[in-house]
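See below for the structure under consideration.
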Amino acid sequence: MNFIINIVVFILSLSMLVVIHELGHFLTAKLFGVYCREFSLGMGPLIFKYKGKNKETQFSIRAIPLGGFVSMVGEDAGDSELIGGQKDPNAIEEKELTEEEKIILSLPKERRLDGIAKWKRAIIMAAGVVMNMILAIVLFLITNANIRILDESKRGFAIVEENSVVERANITSQDVFKFGKYDYKITILNEQKENVLKEGTVEKEINDGNDLYDLINVTFNLKKGESLNLQANDVLSYTLITDKNEERKFELKTLKNENDENYSFQKFGVGFFTRHYTFSETFSHTFQDVGESSVAIVKALGTLFTKDGIQQVGGPVAIFQLSAQYSAMGFEYYCLLWGLISVNLAVMNFLPFPGLDGWHFLVLIVEGVTKKEMPSKVKNIVSTIGLMLLFGLMILVTFKDIIGLF
C-alpha cells in the first residue's frame, strides 16, 4: 500500500514541477498575445482533453507523465509553411483546410510567436526556468521555516530522558558534550557468550546528538568481509573515559525488529535544545540553498562525460526512490528534495542544448545579433535531434537505475 501511495505522490510532485514550468511559458505567451493551441501535461498519446466554450487553448493530459508542453502558433515549421504558402486564405477552398489551419491563417502576425519582437520571445523561452526557480525558493522557504537546528545558546546542555541509557550511565544534562577523547570497550553479553568484541580510542568532539550517536558508528566501522554477528537481545557494554579521567559505563541492548530478523539498538534517551531559524535566517539560508544547489548541479554536469560520470546521474527510478525516502523523513525534508529537483530542472532546461529552452534562447540571441532568421525547418530538425538524444540518455539512465535495484 505504501508503494502505491509513494507512486501517486511521486507522480503528483513531478506533475507539479512540469505544470509550474509550462505555466511560465503559457502565461508569458498569453501576456504578449500569442495564440496557444494546447497546454499539455505529459507526452505521448492523448488520454484527456478539455477546451472551454469559445476558448482557444485545449488543456490535455497525455499518457507518459514525464514532461509537458505548450503549443504556440508560429513556433514550428508547419505553421510557417502554411502561412507562407497561403498568402490569400480566400483563394483556398474550405474543404482543403482543417479548422485549426483556418484559425492559424486568420490570426494577425502579432498573435504568432514568430511575429512578435525577439525580446518578447526570449522572455517566453526563459519563463519556464524562472518559474522553476521561484518554486524552488518557495519549497526551500518551507523547509527552512520548519526545520530545527541546535540551539547554540544552550550549547553544553542536553535533555536527558528519565531512566534512559544515558541517565543510567550517570551522564547528566550538563556534561553530555564534555566527552572529547575517550576509550571504549564493547562487550557482548548474553546467556550464551561473554566476550570483548572490540576496543579502541576515539578522539572526537561531541557537539550535537549526531556526534553522540556516532560513537556507535565509529566502533562498528568494520573492514570489508567482517561481521559482528549480533543477535536480538545481545547487550553491548561500553566503558568511556572522559577528558577528566572519569569512567562512565552504559549498555545498549539490541532489539528485534518486527516482521524481519534484523535488529536495532535502544535509544540513548538524550535530546538537545533546538530552535527554528529566525525570519532573516530563513530567507538567507533559502537563497544560499538555491545558490549552492545551482553550483553543485553545474559541477556535476561537468563530470557527466567522464569515466564514472554516468554512474552519478539518476533518472525517474532513482528520483522515485529518493522521493519515498524523503517523504518518510517529514514534509519539510520532502520539500527540500523537490526544491533541489526544481533547481535541477531549471538549470538543465537553460543549457544551450538543442531542444531545451536554453537552445531557443541562444538562437534568439544569435538571430538578434546577426539580424538573420534561422529557417524554422532547420530549427525544428536540430531541436528534434537534440530531444531524441536526451530521451536516449534518459532511457539509458533508467535502465541503469533498474539494474541497480537488483
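By order in the C-alpha cells, chains are A, B, ...; within a chain, residues start at 1; ligands start at 1, following the order shown.
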Surrounding residues of Ala145 in chain A excluding itself and chain neighbours under 5 positions, 9 Å, only C-alpha atoms, as JSON, numbers by chain: {"A": [140, 276, 277, 278, 279, 282, 283, 332]}
Using C-alpha atoms, can you write the selected residues to a file as a PDB file, in the first residue's frame?
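Listed below is the output, out.pdb:
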ATOM      1  CA  PHE A 140      13.293  25.875   0.381  1.00  0.00           C
ATOM      2  CA  HIS A 276      13.796  27.341  14.423  1.00  0.00           C
ATOM      3  CA  TYR A 277      15.642  29.737  12.140  1.00  0.00           C
ATOM      4  CA  THR A 278      14.771  33.381  12.682  1.00  0.00           C
ATOM      5  CA  PHE A 279      12.849  35.201   9.943  1.00  0.00           C
ATOM      6  CA  THR A 282      15.104  31.531   6.955  1.00  0.00           C
ATOM      7  CA  PHE A 283      15.441  33.794   3.908  1.00  0.00           C
ATOM      8  CA  GLU A 332       9.923  19.766   5.289  1.00  0.00           C
TER       9      GLU A 332
END
Residue contacts of range 121-123 of chain A (12 Å, only C-alpha atoms) excluding same-chain residues fewer than 4 positions away, as a PyMOL selection string: chain A and resi 24-34+72+74-75+110-117+127-131+350+357-368
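Of the residues under consideration (A:Ser293, A:Asn245, A:Ser106, A:Asn54), A:Ser293 shows the shortest atom-to-atom contact distance to Leu345 in chain A when counting only C-alpha atoms.
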Just the residues within 7 Å of Gly44 in chain A, please, counting only C-alpha atoms, with nothing from its chain fewer than 5 positions along; format it as a PDB file with C-alpha atoms, in the first residue's frame.
ATOM      1  CA  ARG A  62      -1.098  12.571 -22.062  1.00  0.00           C
ATOM      2  CA  ALA A  63      -0.084   9.002 -21.318  1.00  0.00           C
ATOM      3  CA  ILE A  64       3.602   9.457 -20.389  1.00  0.00           C
TER       4      ILE A  64
END
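A straight line drawn from CA of Cys36 in chain A to CA of Asn132 in chain A is 20.7 Å long.
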9 Å contact set for Tyr334 in chain A, only C-alpha atoms, chain neighbours under 6 positions out, as an NGL selection string: :A and (139 or 143 or 323-328)
Could you take the residues named above and write them with N, CA and C atoms, as a PDB file, in the first residue's frame?
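Result file is again-v5.pdb:
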ATOM      1  N   LEU A 139       9.787  26.184  -1.951  1.00  0.00           N
ATOM      2  CA  LEU A 139       9.995  24.902  -1.270  1.00  0.00           C
ATOM      3  C   LEU A 139      11.121  24.986  -0.246  1.00  0.00           C
ATOM      4  N   THR A 143      11.003  24.481   3.879  1.00  0.00           N
ATOM      5  CA  THR A 143      11.964  23.650   4.606  1.00  0.00           C
ATOM      6  C   THR A 143      12.635  24.427   5.731  1.00  0.00           C
ATOM      7  N   SER A 323      12.396  10.114  -3.444  1.00  0.00           N
ATOM      8  CA  SER A 323      11.106  10.690  -3.040  1.00  0.00           C
ATOM      9  C   SER A 323      10.483   9.884  -1.911  1.00  0.00           C
ATOM     10  N   ALA A 324      10.530   8.560  -2.022  1.00  0.00           N
ATOM     11  CA  ALA A 324       9.964   7.697  -0.979  1.00  0.00           C
ATOM     12  C   ALA A 324      10.733   7.851   0.329  1.00  0.00           C
ATOM     13  N   GLN A 325      12.065   7.934   0.235  1.00  0.00           N
ATOM     14  CA  GLN A 325      12.887   8.082   1.441  1.00  0.00           C
ATOM     15  C   GLN A 325      12.626   9.412   2.133  1.00  0.00           C
ATOM     16  N   TYR A 326      12.588  10.495   1.371  1.00  0.00           N
ATOM     17  CA  TYR A 326      12.408  11.817   1.965  1.00  0.00           C
ATOM     18  C   TYR A 326      10.993  12.030   2.502  1.00  0.00           C
ATOM     19  N   SER A 327      10.008  11.404   1.877  1.00  0.00           N
ATOM     20  CA  SER A 327       8.640  11.539   2.382  1.00  0.00           C
ATOM     21  C   SER A 327       8.513  10.926   3.763  1.00  0.00           C
ATOM     22  N   ALA A 328       9.301   9.872   4.033  1.00  0.00           N
ATOM     23  CA  ALA A 328       9.282   9.231   5.347  1.00  0.00           C
ATOM     24  C   ALA A 328       9.966  10.099   6.402  1.00  0.00           C
TER      25      ALA A 328
END
Separation of CA of Gly355 in chain A from CA of Val382 in chain A in Å: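 Between these atoms lies a distance of 7.4 Å.
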Nearest to Gly68 in chain A, chosen from A:Glu56, A:Lys102, A:Ser13, A:His21, with only C-alpha atoms counted in the distances: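 Using only C-alpha atoms, the shortest distance to Gly68 in chain A belongs to A:His21.
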Which of A:Ile395, A:Ile297, A:Val73, A:Ile4 sits closest to Ile103 in chain A [using only C-alpha atoms]: A:Val73
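With only C-alpha atoms as the atoms that count, the residue of A:Arg37, A:Met329, A:Lys379, A:Trp338 with the shortest distance to Ile104 in chain A is A:Arg37.
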For CA of Phe48 in chain A and CA of Leu23 in chain A, the interatomic separation in Å (one decimal): 18.4 Å
Shell around Gly42 in chain A at 12 Å using only C-alpha atoms, local window under 2 positions removed, as a PyMOL selection string: chain A and resi 11-12+14-19+22+38-40+44-49+59-70
